[in-house]
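Asks: One file: upload12.cif (mmCIF, C-alpha atoms).
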data_work
#
loop_
_atom_site.label_atom_id
_atom_site.label_comp_id
_atom_site.auth_asym_id
_atom_site.auth_seq_id
_atom_site.Cartn_x
_atom_site.Cartn_y
_atom_site.Cartn_z
CA MET A 19 -23.36 16.51 16.39
CA LEU A 20 -21.71 13.47 17.92
CA ILE A 21 -22.54 13.41 21.65
CA GLY A 22 -21.15 11.47 24.59
CA ARG A 23 -17.66 10.89 23.27
CA LYS A 24 -14.36 12.68 23.75
CA LYS A 25 -14.03 15.42 21.15
CA PRO A 26 -10.90 16.04 19.10
CA GLN A 27 -8.33 18.41 20.59
CA LYS A 28 -7.38 21.35 18.41
CA SER A 29 -3.71 21.97 17.70
CA LYS A 30 -2.00 25.35 17.52
CA LEU A 31 -2.46 25.19 13.74
CA TYR A 32 -6.20 24.48 13.81
CA GLU A 33 -7.32 28.04 13.06
CA HIS A 34 -5.28 28.01 9.85
CA TYR A 35 -7.94 25.70 8.40
CA TRP A 36 -10.58 28.42 8.57
CA TYR A 37 -8.21 31.24 7.63
CA PHE A 38 -7.11 29.29 4.56
CA ALA A 39 -10.73 28.49 3.62
CA ALA A 40 -11.75 32.15 3.88
CA LYS A 41 -8.69 33.50 2.05
CA ARG A 42 -8.89 30.94 -0.75
CA GLN A 43 -12.60 31.63 -1.30
CA ASP A 44 -11.84 35.35 -1.31
CA VAL A 45 -9.36 34.74 -4.13
CA PHE A 46 -12.09 33.03 -6.12
CA LEU A 47 -14.56 35.89 -5.59
CA LYS A 48 -12.01 38.59 -6.42
CA ARG A 49 -10.99 36.74 -9.54
CA LEU A 50 -14.57 36.95 -10.77
CA GLU A 51 -14.53 40.73 -10.22
CA LYS A 52 -11.03 41.37 -11.57
CA PRO A 53 -9.80 38.59 -13.87
CA THR A 54 -6.30 40.07 -14.21
CA GLY A 55 -5.64 40.35 -10.48
CA PRO A 56 -4.17 40.97 -8.02
CA TRP A 57 -6.37 38.71 -5.91
CA THR A 58 -4.48 38.30 -2.65
CA SER A 59 -1.50 39.59 -0.73
CA ASP A 60 -0.80 36.11 0.63
CA PRO A 61 2.54 35.06 -0.93
CA VAL A 62 1.77 31.35 -0.64
CA LEU A 63 -1.60 31.61 -2.39
CA ASN A 64 0.06 33.77 -5.04
CA SER A 65 2.82 31.28 -5.71
CA TYR A 66 1.30 27.80 -5.43
CA ARG A 67 -1.66 26.00 -6.89
CA PHE A 68 -4.52 25.15 -4.52
CA THR A 69 -7.89 23.73 -5.46
CA ASN A 70 -10.99 25.82 -4.86
CA VAL A 71 -12.71 25.69 -1.49
CA PHE A 72 -15.75 24.19 -3.20
CA ARG A 73 -14.80 21.14 -5.25
CA ALA A 74 -17.46 21.90 -7.87
CA LEU A 75 -15.67 25.15 -8.79
CA ASP A 76 -12.46 23.53 -9.93
CA ARG A 77 -11.74 23.67 -13.65
CA VAL A 78 -11.65 19.90 -14.17
CA THR A 79 -14.87 19.35 -12.22
CA GLN A 80 -16.56 22.15 -14.14
CA TYR A 81 -15.57 20.51 -17.40
CA LEU A 82 -16.96 17.20 -16.17
CA ILE A 83 -20.30 18.77 -15.21
CA GLY A 84 -20.43 20.26 -18.68
CA ILE A 85 -19.78 16.85 -20.25
CA GLN A 86 -22.53 15.27 -18.16
CA ALA A 87 -25.03 17.96 -19.17
CA GLU A 88 -24.52 17.05 -22.84
CA GLN A 89 -25.34 13.34 -22.47
CA GLN A 90 -28.70 12.03 -23.63
CA ASP A 91 -28.97 8.80 -21.63
CA SER A 92 -27.71 7.18 -18.45
CA ARG A 93 -25.30 4.82 -20.17
CA ASN A 94 -23.44 7.69 -21.83
CA VAL A 95 -23.49 9.71 -18.61
CA LEU A 96 -21.64 6.89 -16.86
CA PHE A 97 -19.33 6.18 -19.80
CA ASN A 98 -18.23 9.77 -20.32
CA THR A 99 -17.92 10.49 -16.60
CA LEU A 100 -15.62 7.56 -15.95
CA LEU A 101 -13.69 7.90 -19.22
CA PHE A 102 -12.95 11.51 -18.31
CA LYS A 103 -12.13 10.80 -14.67
CA LEU A 104 -9.86 7.82 -15.31
CA PHE A 105 -7.43 10.28 -16.88
CA ASN A 106 -8.75 13.41 -15.13
CA LYS A 107 -7.23 15.57 -17.85
CA ILE A 108 -9.22 17.89 -20.10
CA GLU A 109 -6.64 17.76 -22.87
CA THR A 110 -6.84 13.96 -23.06
CA TYR A 111 -10.62 14.00 -23.36
CA ARG A 112 -10.54 16.73 -26.00
CA TYR A 113 -7.93 14.78 -27.96
CA LEU A 114 -10.19 11.72 -28.04
CA GLU A 115 -13.12 13.89 -29.14
CA ARG A 116 -11.10 15.40 -31.98
CA ALA A 117 -10.08 11.95 -33.13
CA LEU A 118 -13.42 10.17 -32.73
CA GLY A 119 -16.15 12.77 -32.62
CA PRO A 120 -18.78 12.51 -29.88
CA LEU A 121 -17.69 9.84 -27.40
CA ARG A 122 -20.46 7.25 -27.07
CA ALA A 123 -20.65 4.06 -25.05
CA GLU A 124 -22.18 2.08 -27.90
CA GLU A 125 -19.20 2.96 -30.12
CA PHE A 126 -16.50 2.29 -27.54
CA ASP A 127 -13.69 0.33 -29.18
CA LEU A 128 -10.98 -0.50 -26.66
CA ALA A 129 -8.37 -1.20 -29.32
CA ARG A 130 -8.98 2.12 -31.10
CA TYR A 131 -8.89 4.16 -27.89
CA ASP A 132 -5.74 2.30 -26.87
CA GLU A 133 -4.10 3.06 -30.22
CA LEU A 134 -4.90 6.76 -29.96
CA LEU A 135 -3.66 7.13 -26.39
CA THR A 136 -0.51 5.13 -27.07
CA TYR A 137 0.22 7.42 -30.02
CA ARG A 138 -0.34 10.50 -27.88
CA MET A 139 2.09 9.27 -25.24
CA ALA A 140 4.67 8.42 -27.90
CA ALA A 141 4.33 12.00 -29.16
CA GLY A 142 5.44 13.22 -25.74
CA HIS A 143 2.08 14.20 -24.26
CA THR A 144 1.02 13.35 -20.72
CA ILE A 145 -2.37 11.66 -20.75
CA TYR A 146 -2.98 11.52 -16.97
CA SER A 147 -3.46 14.42 -14.59
CA GLY A 148 -0.89 14.84 -11.85
CA ALA A 149 -3.58 15.59 -9.28
CA TYR A 150 -3.46 12.10 -7.83
CA ILE A 151 -1.90 8.73 -8.54
CA MET A 152 -3.86 6.31 -10.71
CA PRO A 153 -2.83 2.75 -9.81
CA SER A 154 -2.62 0.32 -12.70
CA ALA A 155 -4.99 -2.64 -12.92
CA GLY A 156 -2.36 -4.68 -14.73
CA ARG A 157 -2.52 -7.64 -12.40
CA VAL A 158 -6.16 -8.13 -13.31
CA TYR A 159 -6.26 -7.19 -16.98
CA GLY A 160 -2.70 -8.10 -17.92
CA HIS A 161 -1.85 -5.26 -20.28
CA LYS A 162 1.60 -3.67 -20.39
CA LEU A 163 0.46 -0.06 -20.41
CA LYS A 164 -1.53 1.50 -17.59
CA HIS A 165 -4.01 3.25 -19.84
CA THR A 166 -4.83 -0.01 -21.63
CA ASN A 167 -5.75 -1.57 -18.29
CA HIS A 168 -7.92 1.41 -17.44
CA LEU A 169 -9.73 1.12 -20.76
CA ALA A 170 -10.29 -2.56 -19.96
CA LEU A 171 -11.67 -1.50 -16.58
CA LEU A 172 -14.08 0.86 -18.30
CA ALA A 173 -15.13 -1.93 -20.67
CA GLN A 174 -15.86 -4.16 -17.69
CA MET A 175 -18.00 -1.45 -16.10
CA LEU A 176 -20.00 -1.13 -19.30
CA ALA A 177 -20.41 -4.90 -19.54
CA ASP A 178 -21.68 -4.92 -15.95
CA ARG A 179 -24.34 -2.31 -16.83
CA LEU A 180 -22.92 -0.22 -14.02
CA GLU A 181 -25.17 2.73 -14.87
CA GLU A 182 -28.24 0.63 -13.98
CA ARG A 183 -26.67 -0.53 -10.73
CA VAL A 184 -25.76 3.04 -9.79
CA GLN A 185 -29.30 4.22 -10.48
CA ALA A 186 -30.65 1.47 -8.23
CA CYS A 187 -28.58 2.65 -5.26
CA GLN A 188 -30.41 4.09 -2.27
CA THR A 189 -27.45 5.97 -0.76
CA LEU A 190 -24.19 7.58 -1.81
CA LYS A 191 -22.33 4.92 0.14
CA GLU A 192 -23.93 2.23 -2.00
CA VAL A 193 -22.49 3.93 -5.09
CA TYR A 194 -19.11 3.98 -3.36
CA ASP A 195 -19.44 0.28 -2.50
CA LEU A 196 -20.11 -0.56 -6.15
CA LEU A 197 -17.04 1.34 -7.30
CA ILE A 198 -14.60 0.11 -4.70
CA ALA A 199 -15.26 -3.46 -5.81
CA TYR A 200 -13.49 -2.74 -9.12
CA PRO A 201 -9.75 -3.34 -9.53
CA SER A 202 -7.30 -0.52 -8.75
CA LEU A 203 -9.79 2.09 -7.52
CA GLY A 204 -9.29 1.90 -3.76
CA LYS A 205 -11.05 3.98 -1.12
CA PHE A 206 -9.95 7.42 -2.27
CA LEU A 207 -10.76 7.04 -5.97
CA ALA A 208 -13.99 5.14 -5.33
CA PHE A 209 -15.24 8.00 -3.18
CA GLN A 210 -14.11 10.69 -5.63
CA TYR A 211 -15.84 8.88 -8.51
CA ALA A 212 -19.00 8.46 -6.43
CA ILE A 213 -19.06 12.24 -5.95
CA ASP A 214 -18.44 12.76 -9.67
CA LEU A 215 -21.33 10.48 -10.62
CA ASN A 216 -23.53 12.24 -8.08
CA TYR A 217 -23.19 15.51 -10.02
CA SER A 218 -25.04 13.81 -12.85
CA SER A 219 -28.62 12.76 -13.48
CA LEU A 220 -27.83 9.19 -12.41
CA THR A 221 -28.26 9.92 -8.69
CA ASP A 222 -29.53 12.62 -6.36
CA PHE A 223 -27.86 12.19 -2.98
CA SER A 224 -26.83 14.88 -0.53
CA GLU A 225 -23.10 15.54 -0.29
CA MET A 226 -23.68 15.46 3.47
CA ASP A 227 -24.57 11.76 3.34
CA PHE A 228 -21.14 10.16 3.26
CA VAL A 229 -17.42 10.95 3.17
CA VAL A 230 -14.12 9.09 3.00
CA ALA A 231 -10.95 10.77 4.27
CA GLY A 232 -8.17 10.56 1.70
CA PRO A 233 -4.45 10.43 2.56
CA GLY A 234 -3.99 14.18 2.10
CA ALA A 235 -6.97 14.96 4.29
CA ILE A 236 -5.64 12.65 7.01
CA ASN A 237 -2.34 14.56 6.94
CA GLY A 238 -4.23 17.83 7.32
CA ILE A 239 -6.35 16.50 10.15
CA HIS A 240 -3.25 15.51 12.10
CA LYS A 241 -1.83 18.99 11.66
CA CYS A 242 -5.03 20.71 12.80
CA PHE A 243 -5.75 18.38 15.74
CA SER A 244 -3.35 17.15 18.40
CA SER A 245 -5.75 14.32 19.27
CA LEU A 246 -8.81 12.88 17.55
CA GLY A 247 -10.41 11.86 20.84
CA ASP A 248 -13.02 9.20 20.13
CA TYR A 249 -13.70 10.43 16.59
CA SER A 250 -12.79 8.83 13.29
CA TYR A 251 -11.28 10.91 10.48
CA GLU A 252 -14.66 11.02 8.78
CA GLU A 253 -16.35 12.20 11.97
CA VAL A 254 -13.80 15.01 12.29
CA ILE A 255 -14.67 16.11 8.75
CA ARG A 256 -18.37 16.09 9.62
CA LEU A 257 -17.62 18.12 12.75
CA MET A 258 -16.05 20.81 10.57
CA THR A 259 -19.16 21.06 8.40
CA GLU A 260 -21.35 21.37 11.48
CA GLU A 261 -19.22 24.09 13.08
CA GLN A 262 -18.29 26.12 9.98
CA GLU A 263 -20.59 29.06 10.67
CA ALA A 264 -19.77 29.28 14.37
CA GLU A 265 -16.02 28.89 13.90
CA CYS A 266 -15.79 31.50 11.15
CA ALA A 267 -17.88 33.91 13.23
CA ARG A 268 -15.61 33.29 16.23
CA LEU A 269 -12.55 34.14 14.13
CA GLY A 270 -14.14 37.16 12.47
CA LEU A 271 -14.18 35.47 9.06
CA THR A 272 -16.82 35.20 6.37
CA ALA A 273 -17.86 31.58 6.12
CA PRO A 274 -17.33 30.29 2.56
CA SER A 275 -20.54 30.03 0.58
CA LEU A 276 -21.33 28.85 -2.93
CA TYR A 277 -24.28 31.11 -3.71
CA GLY A 278 -25.84 30.16 -0.37
CA ARG A 279 -24.64 26.55 -0.32
CA PRO A 280 -22.37 25.92 2.70
CA LEU A 281 -19.33 23.66 2.74
CA GLN A 282 -20.27 20.02 2.27
CA LEU A 283 -18.41 16.94 3.52
CA ILE A 284 -16.46 16.58 0.26
CA ASP A 285 -15.41 20.24 0.47
CA CYS A 286 -14.17 19.99 4.06
CA GLN A 287 -12.36 16.76 3.18
CA ASN A 288 -10.57 18.51 0.32
CA LEU A 289 -9.81 21.53 2.49
CA PHE A 290 -7.84 19.40 4.93
CA CYS A 291 -5.69 18.24 2.02
CA GLU A 292 -5.11 21.79 0.81
CA VAL A 293 -4.39 23.10 4.31
CA ASP A 294 -1.79 20.35 4.73
CA LYS A 295 -0.06 21.70 1.60
CA TYR A 296 -0.40 25.32 2.73
CA LEU A 297 1.18 24.53 6.09
CA ARG A 298 4.16 22.89 4.42
CA VAL A 299 5.21 26.42 3.44
CA THR A 300 3.96 28.52 6.35
CA HIS A 301 4.95 25.99 9.06
CA PRO A 302 7.63 23.72 7.57
CA GLU A 303 8.56 22.47 11.02
CA THR A 304 5.33 20.47 11.07
CA VAL A 305 6.04 17.65 8.63
CA SER A 306 3.19 15.73 7.02
CA ALA A 307 2.71 12.15 8.11
CA GLY A 308 3.68 11.03 4.62
CA GLY A 309 6.90 13.02 4.78
CA GLN A 310 5.92 15.64 2.19
CA LYS A 311 7.84 18.88 2.70
CA ARG A 312 6.95 20.97 -0.34
CA ILE A 313 4.14 21.79 -2.75
CA LYS A 314 4.69 20.34 -6.18
CA GLN A 315 2.50 22.58 -8.34
CA ARG A 316 3.10 26.29 -8.89
CA PHE A 317 0.16 28.54 -9.68
CA THR A 318 -0.41 29.57 -13.28
CA ALA A 319 -3.54 31.54 -14.09
CA SER A 320 -5.77 29.78 -16.59
CA THR A 321 -6.78 31.62 -19.74
CA GLU A 322 -10.12 29.79 -19.78
CA PRO A 323 -13.20 31.97 -19.11
CA LEU A 324 -14.54 31.86 -15.57
CA THR A 325 -18.16 30.84 -16.16
CA TYR A 326 -19.82 28.09 -14.19
CA LEU A 327 -22.37 25.31 -14.34
CA PHE A 328 -23.76 23.43 -11.38
CA PRO A 329 -26.06 20.42 -11.16
CA PRO A 330 -29.63 21.73 -11.61
CA LYS A 331 -30.74 19.66 -8.61
CA TRP A 332 -28.67 21.94 -6.37
CA GLY A 333 -30.98 24.85 -7.15
CA LEU A 334 -28.22 27.46 -7.23
CA THR A 335 -29.52 30.71 -8.69
CA GLN A 336 -26.14 31.75 -10.10
CA SER A 337 -25.66 28.69 -12.32
CA THR A 338 -24.58 29.59 -15.82
CA SER A 339 -23.58 27.61 -18.86
CA ILE A 340 -19.92 26.91 -19.44
CA GLU A 341 -18.49 28.51 -22.54
CA TRP A 342 -15.21 26.64 -22.90
CA PRO A 343 -13.25 27.89 -25.93
CA GLN A 344 -12.70 25.42 -28.72
CA PRO A 345 -9.12 24.16 -29.16
CA ALA A 346 -7.17 25.60 -32.04
CA ILE A 347 -7.57 23.79 -35.32
CA ALA A 348 -4.87 21.14 -35.36
CA ASP A 349 -4.15 17.66 -36.43
CA ILE A 350 -5.90 15.19 -34.16
CA PHE A 351 -2.54 13.78 -33.13
CA SER A 352 -1.14 17.11 -31.96
#
Step by step, read the file and then write its structure as C-alpha cells.
Replies:
Amino acid sequence: MLIGRKKPQKSKLYEHYWYFAAKRQDVFLKRLEKPTGPWTSDPVLNSYRFTNVFRALDRVTQYLIGIQAEQQDSRNVLFNTLLFKLFNKIETYRYLERALGPLRAEEFDLARYDELLTYRMAAGHTIYSGAYIMPSAGRVYGHKLKHTNHLALLAQMLADRLEERVQACQTLKEVYDLLIAYPSLGKFLAFQYAIDLNYSSLTDFSEMDFVVAGPGAINGIHKCFSSLGDYSYEEVIRLMTEEQEAECARLGLTAPSLYGRPLQLIDCQNLFCEVDKYLRVTHPETVSAGGQKRIKQRFTASTEPLTYLFPPKWGLTQSTSIEWPQPAIADIFS
C-alpha cells in the first residue's frame, strides 16, 4: 500500500470495474459447466467480445503457452514466442507450421517466411490480429511490407542472442527494458511481450513485480477515477490488486480467482481496458479520452474445446493439457 500521498478519487463509475470483473469471470465459469450457454443475462456481455478477466485464460494466450511447452531449448522458446506474438494470430502460426513443419530458430529463413506470408496476404487472408496495432519497423529495416520488417526484427533478436539476455535478467522490468530497445515495440508491446516470455521457462518472475499501463487501461482509469491524486497510472493498477478482496466483499461480489490465484497486475491492467469498452455501451455519455465511442468486435463463441494449460511454476492444481483440434486437411496456401 502506498502511504502518505493523496489517494485517487473514485468516480461514479468506479464500482462498474468490480461488477464487470465478477460478471465476466462468472461467464467463464458457467461456460465450463454449460458449453452451449446461456452464460449471462447481461446484454452487453452477450453481444460484444471481451477478453477474460485473467489474461492467461484467453484463447491466444493459451495457444502461446501450449507452443512454449513444446519447445526443447531456450532459443526456440524465444523464437516461437516472438514469432507467434508479432502476428498474434493462431491461424497465421498454423499456416507457417503447415508450410514448414516444426518452426525452429536454427532453420529460420527470412526470405522463405516472407514469401509465405506475402502469398497468404495476396490470397486475401489477414495475417495480423486486430487486438492491437502493430507499428511497422520500416524506417529501420527498409522493407515495403510490414510483415517483412517484423521478420527482420525477429532476425535481429536472434542475432543478438536475446534468449540469453532475457535469462540473465534479474527482474521483469529488465526484460521489458531489453524489449523496448527494439524498433517499433513501444511501451505497450514491450510490456505485453515481457509477460508472454514470463509464461515460459526463460524466466520466473512474479506478475506482481511490474506493470505498464496501456492506452486502453489509461482510458478505463480515467472513467473509474475522477482524480488520480498523487498516484501514477501504474500505482492505481497496483492499488486495485491490493484492494480486490475488500472491494468485492464490500460490493457483495465474489472476487475473481484462477484456481486460487488472485488478480495480478497484468490482469487488473487489462480489466481497465475492458471496462472502458464496456462503459462505452452502458454509459455512452462518458467518452473515452481517445474518442472511442463503440466496441469494434462482436462476440462469436469459439468452437475450440475449453481445456487449459498454465505455466507449471504457478502451481495451479487445475492445469490441464490443451487439446487443440488439428486444422482440416488443406493445401498449405489455403
Asks: Let me have the centre and edge lengths in Å, one decimal, of the box along x, y and z around every listed atom of range 87-102 of chain A with 6 Å of margin on each side, as JSON.
Replies:
{"center_x": -21.0, "center_y": 11.4, "center_z": -19.8, "size_x": 28.0, "size_y": 25.1, "size_z": 19.7}
Asks: Can you list what the PyMOL selection byres ((chain A and resi 244) around 9) grabs from this structure, as a list in words?
Replies: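 Checked against the file, the PyMOL selection byres ((chain A and resi 244) around 9) matches Pro26, Gln27, Lys28, Ser29, Lys30, Ile239, His240, Lys241, Cys242, Phe243, Ser245 and Leu246 of chain A.
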Asks: Name the residues that the PyMOL selection byres ((chain A and resi 98) around 9) picks from the file above, as a ChimeraX atom specification, using the file's chain letters and numbers.
Replies: /A:82,85-86,89,93-97,99-103,121-123
Asks: So the first atom is CA of Asp294 in chain A and the second is CA of Tyr146 in chain A; what is the distance between them in Å, to one decimal place?
Replies: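 It comes out at 23.5 Å.
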Asks: Using all atoms listed in the file, can you tell me which of A:Asp222, A:Glu88, A:Asp214, A:Asp285 comes closest to Lys331 in chain A?
Replies: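 Ranking A:Asp222, A:Glu88, A:Asp214, A:Asp285 by distance to Lys331 in chain A, first place goes to A:Asp222.
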Asks: For Phe206 in chain A, which residue out of A:Pro153, A:Asp91, A:Ser147, A:Pro274 is the nearest one, using all atoms listed in the file?
Replies: A:Pro153
Asks: Taking (-5.5, 17.4, -1.3) in the file's coordinates, which residues come within 6 Å, counting only C-alpha atoms, written as a compact mmCIF listing (two decimals) with C-alpha atoms, in the coordinates of the input?
Replies:
# COMPACT_ATOMS: atom_id res chain seq x y z
CA GLY A 234 -3.99 14.18 2.10
CA ASN A 288 -10.57 18.51 0.32
CA CYS A 291 -5.69 18.24 2.02
CA GLU A 292 -5.11 21.79 0.81
Asks: I need every residue sitting at most 9 Å from the point (-17.9, 22.7, -4.0) (coordinates as in the file, all atoms listed in the file considered), written as a PyMOL selection string.
Replies: chain A and resi 70-76+276+279-282+284-285
Asks: Decode the PyMOL selection byres ((chain A and resi 37) around 10) for the given file into explicit residues and return them as number ranges by chain.
Replies: A: 32-36, 38-43, 266, 269-273, 293
Asks: Counting all atoms listed in the file, which of A:Thr325, A:Ser202, A:Asn237, A:Gln287 gets nearest to Glu225 in chain A?
Replies: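 Under the stated criterion, the closest residue is A:Gln287.
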Asks: How many Å lie between CA of Gln174 in chain A and CA of Leu104 in chain A, rounded to one decimal?
Replies: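 So the two atoms, CA of Gln174 in chain A and CA of Leu104 in chain A, lie 13.6 Å apart.
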Asks: Choose the residue, out of A:Lys24, A:Glu192, A:Thr300, A:Tyr211, that has the smallest atom-to-atom separation from Asp248 in chain A; count all atoms listed in the file.
Replies: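 Looking at the shortest contact to Asp248 in chain A, the residue is A:Lys24.
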Asks: Report, in Å with one decimal, the straight-line distance from CA of Arg157 in chain A to CA of Leu118 in chain A.
Replies: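 These atoms are spaced 29.1 Å apart.
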Asks: Can you tell me, as a PyMOL selection string, what residues are no more than 9 Å from Ala129 in chain A when counting all atoms listed in the file, ignoring any on the same chain fewer than 4 positions away?
Replies: chain A and resi 133-134+166+169
Asks: Between A:Val62, A:Leu334, A:Ala212, A:Leu50, which one has atoms that come closest to His301 in chain A, using all atoms listed in the file?
Replies: A:Val62
Asks: In terms of the shortest atom-to-atom distance over all atoms listed in the file, which of A:Arg77, A:Pro53, A:Thr58, A:Lys191 is closest to Leu327 in chain A?
Replies: A:Arg77
Asks: Please identify all polymer residues within 7 Å of Ile255 in chain A, counting all atoms listed in the file, omitting same-chain residues fewer than 4 positions from it, and present them as a tab-separated table (two decimals) with C-alpha atoms, in the frame of the given file.
Replies:
chain	number	residue	atom	x	y	z
A	251	TYR	CA	-11.28	10.91	10.48
A	259	THR	CA	-19.16	21.06	8.40
A	283	LEU	CA	-18.41	16.94	3.52
A	286	CYS	CA	-14.17	19.99	4.06
A	287	GLN	CA	-12.36	16.76	3.18
